[in-house]
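Colleague: Can you read through this structure? Questions will come right after.
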Amino acid sequence: MKLRYWAGACAAVSALSIVTLSLARPKPADAACCYFAAQEKDINQPGQKTFITWDAERKVEAFTVQPKFEGNAVDFGMVIPTPSQPKLDEMPRDFFKDLAIYTILMPLPEGIWYDLRMRPENLLGEAGAYLHEHMPSDAPAPPRKPAVTVLEAGVVGSLDYKIIVADDASGLFDRLKENKYSYGGDQGTLDFYIAKKWFFTVMKIDPKQMKKDKDGRYVGEITPTRFTFSSEQCVYPLKITQLSVKDKTDALFYVQSSTEMDLKGDLSWMHSFRVMWLTFMLGCSANDDEQAELQKRSEWVAAKMRKDPKYETTKLEWAKHLNDDDLALLEDPLHGYAQAGGGNLAPGDKPVSVEEFLKTVWDEYEKSTEPRDDVYAKEQLQALEASYSAAKGTIVKVANPSGVYNSSTWMWYPNREAPDEDVKGLSRLKGHLQKGQWVTKFRKILRKDEMTDDLVIVPVEAGKAQEYVRIMPTSPP
């Protein structure tokens, strides 16, 4: 049995101040495309999730998007730029729901505290001081009709699409106007991609197939669509999203590649997760290089926030180098899902049955020379049995309690939980997740003024790749 074990959380609580600068909680997501609303109508882009695969050797990228939308337009469309002509494929409608369930973190292990001799009014279990929650030009363009070339037209899922190239932005404007769409952005944004000779996929969506909210507005998510194309680097078209964002947006990325991946430069998740991880290594096993790295990264975050008080780091939410066990889960999702995704126990730690645990507790009680109340003791034993049933998780006897943050001899590893029908749906991920690949999940709240360029996704620097470890009670941060 594999269970997540982490015994490094023994840094001083004051060290949290280093981390709290960058560990704010996020909200729901969007990026990668821009909506074009029908004339006089209002369409917003409140959220989008993205699954990216990157083959660095072949220089081939694919991203799957499923934008959310809300509005009262009779119909509307969106445009997605790519550096080369893409191939479009429909993906399972629940693809991102399946990814979310697959990457649910194991709950943090908890110490088991008991005393069969004590009455409830005196039982103040000491959990210690462990971890607190921290923490544009308005001048009209001269009238002309630049060339727009339609390279491909078709249907993917319920979406009609055209792949086009344009000489400049006004050509694309004209194409949209011909289809009775108005455009709320500036020419500069589209020219940004046209100057790089990128391709545009224009997709038309029929909201009538979607549900309406109580105000009569169409609300929903379109069918996920995968775009596959050649590219010199793993890039995500962010700048165009600026057109449909009011002040900020929340982008959620799943990136699959042969190496663990990260956003480039200031947007790196290393500025939050690595700082947090190194903080809670201090006092335990951090070496001189790691302590120097912690100081350097902490100083960088502090300096960045002095310069830009609204700065928020990218948050790593999950990272795994997929192995046979990870893919076996997709063959029979219900079998082993509860404890899937955890790490190995520390040497000497041993899972035990509830019966063995209760017998040990009772034996300790009977050997005690303190005053006893058998009726009360049996009530407490029954309560322990109900709280720590095999259906809810696993009890582990700790070989070295001093190496655990709460010095507990017994630890409780709760199961991951999701409805059985949802868990069964994980089989839809077969073929999409690949053995030997890293899947890195991270989230970034992006302000409108930060969307001045596209996102570049790069490998984690050599020697720094690591699977996600849930350190904080509220992890991911």
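So you can find residues: chains in the structure tokens are A, B, ... in the order shown, residues in each start at 1, and ligands are numbered from 1 in order.
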Fewer than 2 positions away in the same chain doesn't count, so skip those; otherwise give me all residues within 7 Å of stretch 198-201 of chain A, counting only C-alpha atoms, as a ChimeraX atom specification.
Modeller: /A:79-85,161-165,193-194,196,203
Colleague: Can you tell me, as a PyMOL selection string, what residues are no more than 12 Å from stretch 376-388 of chain A when counting only C-alpha atoms, ignoring any on the same chain fewer than 3 positions away?
Modeller: chain A and resi 110-120+123+352-366+371-373+391-396+410-415
Colleague: To one decimal in Å, tell me the separation between atom CA of A:Lys350 and atom CA of A:Glu317.
Modeller: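 Straight-line distance from atom CA of A:Lys350 to atom CA of A:Glu317 works out to 28.1 Å.
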Colleague: Using only C-alpha atoms, which residue out of A:Ala62, A:Leu322, A:Ile101, A:Ile222 lies closest to A:Val156?
Modeller: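 Nearest candidate to A:Val156 out of A:Ala62, A:Leu322, A:Ile101, A:Ile222: A:Ile222.
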Colleague: Find the residue from A:Met276, A:Leu243, A:Ala292, A:Val439 that sits nearest to A:Ile52; use only C-alpha atoms when measuring.
Modeller: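 Among the listed residues, the smallest separation from A:Ile52 belongs to A:Val439.
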Colleague: Considering only C-alpha atoms, state which residue in the set A:Gly431, A:Pro459, A:Pro309, A:Gly77 is at the smallest distance from A:Trp269.
Modeller: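 Of all the options, A:Pro459 lies closest to A:Trp269.
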Colleague: Please provide as a list of chain:residue names all residues within 8 Å of A:Gln233, with the sequence filter that same-chain residues fewer than 4 positions apart are discarded (counting only C-alpha atoms).
Modeller: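 With the cut-off at 8 Å, the set is A:Ala56, A:Lys59, A:Val456, A:Ile457.
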Colleague: Go ahead and dump the residues you just picked, N, CA and C atoms, as a compact mmCIF listing (two decimals), in the first residue's frame.
Modeller:
```txt
# COMPACT_ATOMS: atom_id res chain seq x y z
N ALA A 56 8.92 17.96 -26.78
CA ALA A 56 10.05 18.85 -27.05
C ALA A 56 10.90 18.34 -28.21
N LYS A 59 8.82 18.94 -31.40
CA LYS A 59 8.34 20.31 -31.46
C LYS A 59 6.85 20.35 -31.82
N VAL A 456 4.97 31.47 -21.95
CA VAL A 456 5.94 30.46 -22.37
C VAL A 456 6.10 29.47 -21.23
N ILE A 457 5.93 28.19 -21.53
CA ILE A 457 6.00 27.13 -20.53
C ILE A 457 7.29 26.37 -20.75
```
Colleague: For the atom pair atom CA of A:Phe51 and atom CA of A:Thr259, what is the interatomic distance in Å to one decimal place?
Modeller: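 Taking atom CA of A:Phe51 and atom CA of A:Thr259, their separation equals 15.3 Å.
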Colleague: Enter the distance from atom CA of A:Asn323 to atom CA of A:Lys435, in Å, rounded to one decimal.
Modeller: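 Straight-line distance from atom CA of A:Asn323 to atom CA of A:Lys435 works out to 5.4 Å.
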Colleague: Could you list, as a PyMOL selection string, every residue within 12 Å of stretch 339-344 of chain A, counting only C-alpha atoms and ignoring same-chain residues fewer than 2 positions away?
Modeller: chain A and resi 1-7+101-109+318-330+332-337+346-351+390-394+413-418+423+467-470
